[in-house]
$ cat coords.csv   # CSV, C-alpha atoms
chain,number,residue,atom,x,y,z
A,1,MET,CA,114.3,125.3,95.5
A,2,ASP,CA,115.6,128.7,96.5
A,3,LYS,CA,116.0,129.8,100.1
A,4,LYS,CA,113.0,132.0,100.1
A,5,GLU,CA,110.7,129.3,98.7
A,6,LYS,CA,112.0,126.9,101.3
A,7,LYS,CA,111.3,129.3,104.1
A,8,GLU,CA,107.7,129.9,102.9
A,9,LYS,CA,107.1,126.1,102.8
A,10,ASN,CA,108.0,126.0,106.5
A,11,GLU,CA,110.0,122.8,106.1
A,12,PRO,CA,111.2,121.2,109.3
A,13,ALA,CA,114.9,120.4,109.6
A,14,PRO,CA,115.7,116.7,109.0
A,15,TRP,CA,115.9,114.5,112.1
A,16,ASN,CA,119.1,112.4,112.2
A,17,PRO,CA,119.8,110.2,115.2
A,18,ILE,CA,123.0,111.1,117.0
A,19,ASP,CA,126.2,109.3,115.8
A,20,ILE,CA,128.4,109.6,118.9
A,21,LYS,CA,131.5,108.4,117.0
A,22,LYS,CA,131.1,111.0,114.2
A,23,PHE,CA,130.2,113.7,116.7
A,24,ASN,CA,133.4,113.0,118.6
A,25,GLU,CA,135.5,112.9,115.5
A,26,ASN,CA,134.3,116.4,114.6
A,27,THR,CA,134.8,117.6,118.1
A,28,ARG,CA,138.3,116.3,118.3
A,29,THR,CA,139.3,118.4,115.3
A,30,ILE,CA,137.8,121.6,116.8
A,31,SER,CA,139.3,120.7,120.2
A,32,GLU,CA,142.8,120.6,118.6
A,33,MET,CA,142.2,124.0,117.3
A,34,TYR,CA,141.2,125.2,120.8
A,35,ARG,CA,144.2,123.6,122.4
A,36,SER,CA,146.6,125.1,119.9
A,37,ASP,CA,145.8,128.5,121.4
A,38,PRO,CA,145.1,129.0,125.1
A,39,GLU,CA,143.5,132.4,124.3
A,40,ARG,CA,140.7,130.4,122.5
A,41,ILE,CA,140.1,128.3,125.6
A,42,LYS,CA,139.8,131.5,127.7
A,43,ARG,CA,137.3,132.9,125.2
A,44,ALA,CA,135.3,129.7,125.2
A,45,GLU,CA,135.2,129.6,129.0
A,46,GLY,CA,134.1,133.3,129.2
A,47,GLU,CA,131.6,132.8,126.4
A,48,ASN,CA,128.2,134.6,127.1
A,49,ASP,CA,129.7,136.7,129.9
A,50,ASP,CA,130.2,139.5,127.5
A,51,ASP,CA,126.5,139.4,126.6
A,52,LYS,CA,125.5,139.6,130.2
A,53,ASN,CA,127.8,142.5,131.0
A,54,GLU,CA,126.7,144.5,128.0
B,1,MET,CA,99.2,132.4,121.6
B,2,SER,CA,100.0,129.1,120.0
B,3,GLN,CA,99.3,125.7,121.5
B,4,SER,CA,102.4,123.6,122.3
B,5,ILE,CA,103.5,121.4,119.3
B,6,SER,CA,104.8,117.9,119.4
B,7,LEU,CA,107.8,117.0,117.3
B,8,GLU,CA,107.9,113.5,116.1
B,9,LYS,CA,111.2,112.6,117.7
B,10,ASN,CA,113.6,114.0,120.3
B,11,TRP,CA,115.9,117.0,119.6
B,12,VAL,CA,118.5,118.4,122.0
B,13,LEU,CA,119.4,122.0,121.6
B,14,PHE,CA,123.1,122.7,122.6
B,15,ASP,CA,123.5,126.3,123.8
B,16,THR,CA,126.6,128.3,122.9
B,17,CYS,CA,128.2,127.6,126.2
B,18,SER,CA,127.8,123.8,125.9
B,19,ILE,CA,129.2,123.8,122.4
B,20,SER,CA,132.2,125.8,123.6
B,21,LYS,CA,132.8,123.6,126.6
B,22,ILE,CA,132.5,120.4,124.6
B,23,SER,CA,134.9,121.9,122.1
B,24,VAL,CA,137.4,122.3,124.9
B,25,ILE,CA,136.8,118.9,126.4
B,26,GLY,CA,137.2,117.2,123.0
B,27,ASP,CA,135.3,114.0,123.8
B,28,ALA,CA,131.6,114.2,124.5
B,29,THR,CA,131.0,110.5,124.9
B,30,LYS,CA,130.1,110.8,128.6
B,31,ILE,CA,127.6,113.6,128.0
B,32,LEU,CA,126.0,112.2,124.9
B,33,SER,CA,125.7,108.7,126.4
B,34,ALA,CA,124.1,110.1,129.5
B,35,VAL,CA,121.6,112.1,127.5
B,36,GLN,CA,120.8,109.1,125.2
B,37,SER,CA,120.2,106.9,128.2
B,38,ARG,CA,117.7,109.4,129.7
B,39,ILE,CA,115.7,110.3,126.6
B,40,GLY,CA,116.7,107.8,123.9
B,41,SER,CA,118.0,108.7,120.5
B,42,PHE,CA,118.1,112.4,119.6
B,43,THR,CA,119.4,114.9,117.0
B,44,PRO,CA,121.9,117.4,118.3
B,45,ALA,CA,120.6,120.9,117.3
B,46,ILE,CA,121.4,124.6,117.3
B,47,THR,CA,119.5,127.7,116.3
B,48,SER,CA,120.7,130.6,114.2
B,49,LEU,CA,121.2,132.6,117.4
B,50,ILE,CA,123.5,129.9,118.8
B,51,ARG,CA,125.4,129.9,115.5
B,52,PHE,CA,125.8,133.7,115.7
B,53,GLU,CA,127.0,133.5,119.3
B,54,TYR,CA,129.5,130.7,118.6
B,55,LEU,CA,130.9,132.2,115.4
B,56,ARG,CA,131.4,135.6,116.9
B,57,GLN,CA,134.2,134.2,119.0
B,58,SER,CA,136.2,134.0,115.8
B,59,LYS,CA,139.3,136.3,115.7
B,60,SER,CA,140.4,135.3,112.2
B,61,LYS,CA,139.0,134.0,108.9
B,62,ASP,CA,140.6,130.6,109.6
B,63,GLU,CA,138.9,130.4,113.0
B,64,PHE,CA,135.6,131.5,111.5
B,65,GLU,CA,135.8,128.8,108.9
B,66,GLY,CA,136.9,126.1,111.3
B,67,PHE,CA,134.0,127.0,113.7
B,68,ARG,CA,131.5,127.2,110.9
B,69,ASP,CA,132.5,123.8,109.4
B,70,TYR,CA,132.3,122.2,112.9
B,71,LEU,CA,128.8,123.5,113.5
B,72,ASN,CA,127.7,122.5,110.0
B,73,ASP,CA,129.1,118.9,110.3
B,74,THR,CA,127.9,118.3,113.9
B,75,TYR,CA,124.6,120.0,114.6
B,76,THR,CA,121.3,120.4,112.7
B,77,GLU,CA,120.0,123.9,112.7
B,78,ILE,CA,116.4,124.2,113.9
B,79,ASP,CA,115.2,127.4,112.4
B,80,LEU,CA,112.2,129.5,112.4
B,81,TYR,CA,111.1,129.6,108.8
B,82,SER,CA,108.2,132.0,108.7
B,83,LYS,CA,107.2,135.3,110.2
B,84,GLU,CA,104.4,133.6,112.1
B,85,ASP,CA,107.0,131.2,113.7
B,86,LEU,CA,109.1,134.1,114.8
B,87,PHE,CA,106.2,136.1,116.1
B,88,ASP,CA,104.9,133.0,118.0
B,89,ILE,CA,108.3,132.3,119.6
B,90,TYR,CA,108.8,135.9,120.6
B,91,ASN,CA,105.3,135.9,122.2
B,92,LEU,CA,106.0,132.7,124.1
B,93,SER,CA,109.4,134.1,125.2
B,94,SER,CA,108.1,137.5,126.4
B,95,GLU,CA,105.4,135.8,128.5
B,96,LEU,CA,108.1,133.4,129.8
B,97,ALA,CA,110.4,136.4,130.7
B,98,CYS,CA,107.6,138.0,132.7
B,99,VAL,CA,106.9,134.8,134.7
B,100,CYS,CA,110.7,134.2,135.3
B,101,ARG,CA,111.0,137.7,136.6
B,102,PHE,CA,108.0,137.0,138.9
B,103,VAL,CA,109.5,133.7,140.1
B,104,SER,CA,113.0,135.0,140.8
B,105,SER,CA,113.8,138.7,140.1
B,106,ASN,CA,117.5,138.1,141.2
B,107,HIS,CA,118.1,135.4,138.6
B,108,TYR,CA,116.1,137.1,136.0
B,109,LYS,CA,118.6,140.0,135.7
B,110,HIS,CA,121.3,137.6,134.5
B,111,ILE,CA,119.3,135.8,131.8
B,112,SER,CA,119.9,137.0,128.3
B,113,MET,CA,117.4,137.6,125.5
B,114,VAL,CA,118.8,134.6,123.6
B,115,ASP,CA,118.1,132.3,126.6
B,116,PHE,CA,114.5,133.6,126.7
B,117,VAL,CA,114.1,132.9,123.0
B,118,HIS,CA,115.4,129.4,123.6
B,119,GLY,CA,113.1,129.1,126.6
B,120,GLY,CA,110.2,130.1,124.3
B,121,LEU,CA,111.3,127.3,121.9
B,122,LEU,CA,111.3,124.7,124.7
B,123,ARG,CA,107.9,126.0,125.7
B,124,ARG,CA,106.6,125.5,122.1
B,125,TYR,CA,107.9,121.9,122.0
B,126,PRO,CA,107.6,120.7,125.6
B,127,ARG,CA,107.6,117.0,124.9
B,128,ASN,CA,110.4,116.5,122.4
B,129,LEU,CA,112.8,119.5,122.7
B,130,PHE,CA,115.5,119.5,125.4
B,131,LEU,CA,118.2,122.0,126.1
B,132,LEU,CA,121.8,121.1,127.2
B,133,THR,CA,123.7,123.8,129.0
B,134,PHE,CA,126.5,124.5,131.4
B,135,ASP,CA,124.9,127.8,132.4
B,136,ILE,CA,122.6,126.1,134.9
B,137,ASN,CA,121.3,129.4,136.4
B,138,ASP,CA,119.8,130.5,133.1
B,139,PHE,CA,116.9,128.1,133.1
B,140,LEU,CA,114.9,128.5,136.3
B,141,THR,CA,113.4,125.4,137.9
B,142,PRO,CA,110.6,124.7,138.4
B,143,ILE,CA,109.5,126.3,135.1
B,144,PHE,CA,112.2,124.2,133.4
B,145,LYS,CA,112.3,120.6,134.4
B,146,LEU,CA,115.8,119.4,135.3
B,147,VAL,CA,115.8,116.1,133.3
B,148,HIS,CA,119.4,115.2,134.1
B,149,HIS,CA,122.6,116.8,135.4
B,150,GLU,CA,126.2,115.6,135.9
B,151,SER,CA,129.6,117.0,136.6
B,152,ILE,CA,132.5,116.9,134.2
B,153,GLU,CA,136.1,118.1,134.1
B,154,VAL,CA,136.6,121.0,131.7
B,155,ASN,CA,140.2,122.1,131.3
B,156,GLY,CA,141.1,120.9,134.8
B,157,LYS,CA,138.0,122.4,136.5
B,158,LEU,CA,134.9,120.5,137.6
B,159,GLU,CA,131.8,121.9,136.0
B,160,ILE,CA,128.1,120.9,135.9
B,161,TRP,CA,126.1,120.4,132.7
B,162,ALA,CA,122.3,120.0,132.8
B,163,LEU,CA,119.5,118.8,130.5
B,164,TYR,CA,116.2,120.7,130.7
B,165,SER,CA,112.8,120.5,129.2
B,166,PHE,CA,109.8,122.8,129.7
B,167,ASP,CA,107.4,122.0,132.5
B,168,GLN,CA,104.0,123.1,131.3
B,169,ASN,CA,102.2,122.2,134.5
B,170,GLU,CA,104.5,124.3,136.7
B,171,PHE,CA,104.4,127.1,134.2
B,172,HIS,CA,100.6,127.2,134.2
B,173,LYS,CA,100.6,127.4,138.0
B,174,TYR,CA,102.9,130.4,137.9
B,175,ILE,CA,101.1,132.1,135.1
B,176,ASP,CA,97.8,131.9,136.9
B,177,ILE,CA,99.3,133.5,140.0
B,178,PHE,CA,101.1,136.1,137.8
B,179,LYS,CA,97.9,137.0,135.9
B,180,ASN,CA,95.8,137.4,139.1
B,181,LYS,CA,98.4,139.5,140.8
$ encode --input "coords.csv" --output "structure tokens"
Amino acid sequence: MDKKEKKEKNEPAPWNPIDIKKFNENTRTISEMYRSDPERIKRAEGENDDDKNE
Amino acid sequence: MSQSISLEKNWVLFDTCSISKISVIGDATKILSAVQSRIGSFTPAITSLIRFEYLRQSKSKDEFEGFRDYLNDTYTEIDLYSKEDLFDIYNLSSELACVCRFVSSNHYKHISMVDFVHGGLLRRYPRNLFLLTFDINDFLTPIFKLVHHESIEVNGKLEIWALYSFDQNEFHKYIDIFKNK
């Protein structure tokens, strides 16, 4: 099914119960990426502020 | 204007700020367990607007791909599939923005269009859609029901996260006053 057809059928996204262990495994990986660069942490902390100042 | 719709099960929308803060914390067990104990099992969700806001932090191709893979592996995207859906959410959001301005004109100035669209989504699914945020001033109580809140340490600083749902009864009270003004 192509993207357009899927949109027209208005299919809901699948419901999957949270798997905390898997969620944390994914988050740990991205967290290491953040911690490797303090600039990224600053950007994450200031996130949305740009929008509000625009 | 559409009637509110009931989803079959619970969904929690993580806004861009909460995804960023959780990415910095690295372990979301405390937050997820607290949410689970309040509302039961749920699917962590985002919208395409949240995807856009999160990915635009990227300063390189590697970062972009890392952020994108993280979102894809961790959150389900709730999207608006048809023109009717979009039109409906924008209508709900615009009316919500008018009422928020009426309730608190000071706070209103700081609320972004994206927050109003997500407010419109919460309004459409008031029973099963929740929003998790660290920007606790963006969702005005009493229009949004504060389901739960807690403090957590983020990079050495104590911050508050909150879980909201839409309070239809309170909203109707305000909209009646607003319409008769």
$ closest_residue --input "coords.csv" --among "B:Tyr174, B:Phe87, B:Phe14, B:Trp161" --to "Cys100 (chain B)" --atoms "only C-alpha atoms"
B:Tyr174
$ atom_distance --input "coords.csv" --atom1 "CA of Gly156 (chain B)" --atom2 "CA of Val24 (chain B)"
10.7 Å
$ closest_atom_pairs --input "coords.csv" --of "chain B" --to "chain A" --cutoff "6 Å" --atoms "all atoms listed in the file" --output "Markdown table"
| residue | atom | partner | partner_atom | distance |
| --- | --- | --- | --- | --- |
| B:Ser20 | CA | A:Ala44 | CA | 5.2 |
| B:Ser23 | CA | A:Ser31 | CA | 4.9 |
| B:Val24 | CA | A:Ser31 | CA | 5.3 |
| B:Gly26 | CA | A:Arg28 | CA | 4.9 |
| B:Asp27 | CA | A:Asn24 | CA | 5.6 |
| B:Ser41 | CA | A:Pro17 | CA | 5.8 |
| B:Phe42 | CA | A:Pro17 | CA | 5.2 |
| B:Thr43 | CA | A:Pro17 | CA | 5.0 |
| B:Thr74 | CA | A:Phe23 | CA | 5.9 |
| B:Ile78 | CA | A:Ala13 | CA | 5.9 |
| B:Tyr81 | CA | A:Lys7 | CA | 4.7 |
$ closest_residue --input "coords.csv" --among "B:Ser18, B:Leu131, B:Arg38, B:Ile89" --to "Tyr54 (chain B)" --atoms "only C-alpha atoms"
B:Ser18
$ atom_distance --input "coords.csv" --atom1 "CA of Tyr90 (chain B)" --atom2 "CA of Ile111 (chain B)"
15.4 Å
$ atom_distance --input "coords.csv" --atom1 "CA of Phe52 (chain B)" --atom2 "CA of Leu71 (chain B)"
10.9 Å
$ residues_near_point --input "coords.csv" --point "(107.6, 124.7, 125.2)" --cutoff "9 Å" --atoms "all atoms listed in the file" --output "ChimeraX atom specification"
/B:4-5,92,119-127,129,165-168
$ write_last_selection --input "coords.csv" --atoms "C-alpha atoms" --output "mmCIF file, in the coordinates of the input"
data_model
loop_
_atom_site.group_PDB
_atom_site.id
_atom_site.type_symbol
_atom_site.label_atom_id
_atom_site.label_comp_id
_atom_site.auth_asym_id
_atom_site.auth_seq_id
_atom_site.Cartn_x
_atom_site.Cartn_y
_atom_site.Cartn_z
ATOM 1 C CA SER B 4 102.400 123.600 122.300
ATOM 2 C CA ILE B 5 103.500 121.400 119.300
ATOM 3 C CA LEU B 92 106.000 132.700 124.100
ATOM 4 C CA GLY B 119 113.100 129.100 126.600
ATOM 5 C CA GLY B 120 110.200 130.100 124.300
ATOM 6 C CA LEU B 121 111.300 127.300 121.900
ATOM 7 C CA LEU B 122 111.300 124.700 124.700
ATOM 8 C CA ARG B 123 107.900 126.000 125.700
ATOM 9 C CA ARG B 124 106.600 125.500 122.100
ATOM 10 C CA TYR B 125 107.900 121.900 122.000
ATOM 11 C CA PRO B 126 107.600 120.700 125.600
ATOM 12 C CA ARG B 127 107.600 117.000 124.900
ATOM 13 C CA LEU B 129 112.800 119.500 122.700
ATOM 14 C CA SER B 165 112.800 120.500 129.200
ATOM 15 C CA PHE B 166 109.800 122.800 129.700
ATOM 16 C CA ASP B 167 107.400 122.000 132.500
ATOM 17 C CA GLN B 168 104.000 123.100 131.300
#
$ closest_residue --input "coords.csv" --among "B:Thr133, B:Gln36, B:Asn180, B:Ser93" --to "Thr16 (chain B)" --atoms "only C-alpha atoms"
B:Thr133
$ closest_residue --input "coords.csv" --among "B:Pro142, B:Val114, B:Pro44, B:Glu84" --to "Trp11 (chain B)" --atoms "only C-alpha atoms"
B:Pro44
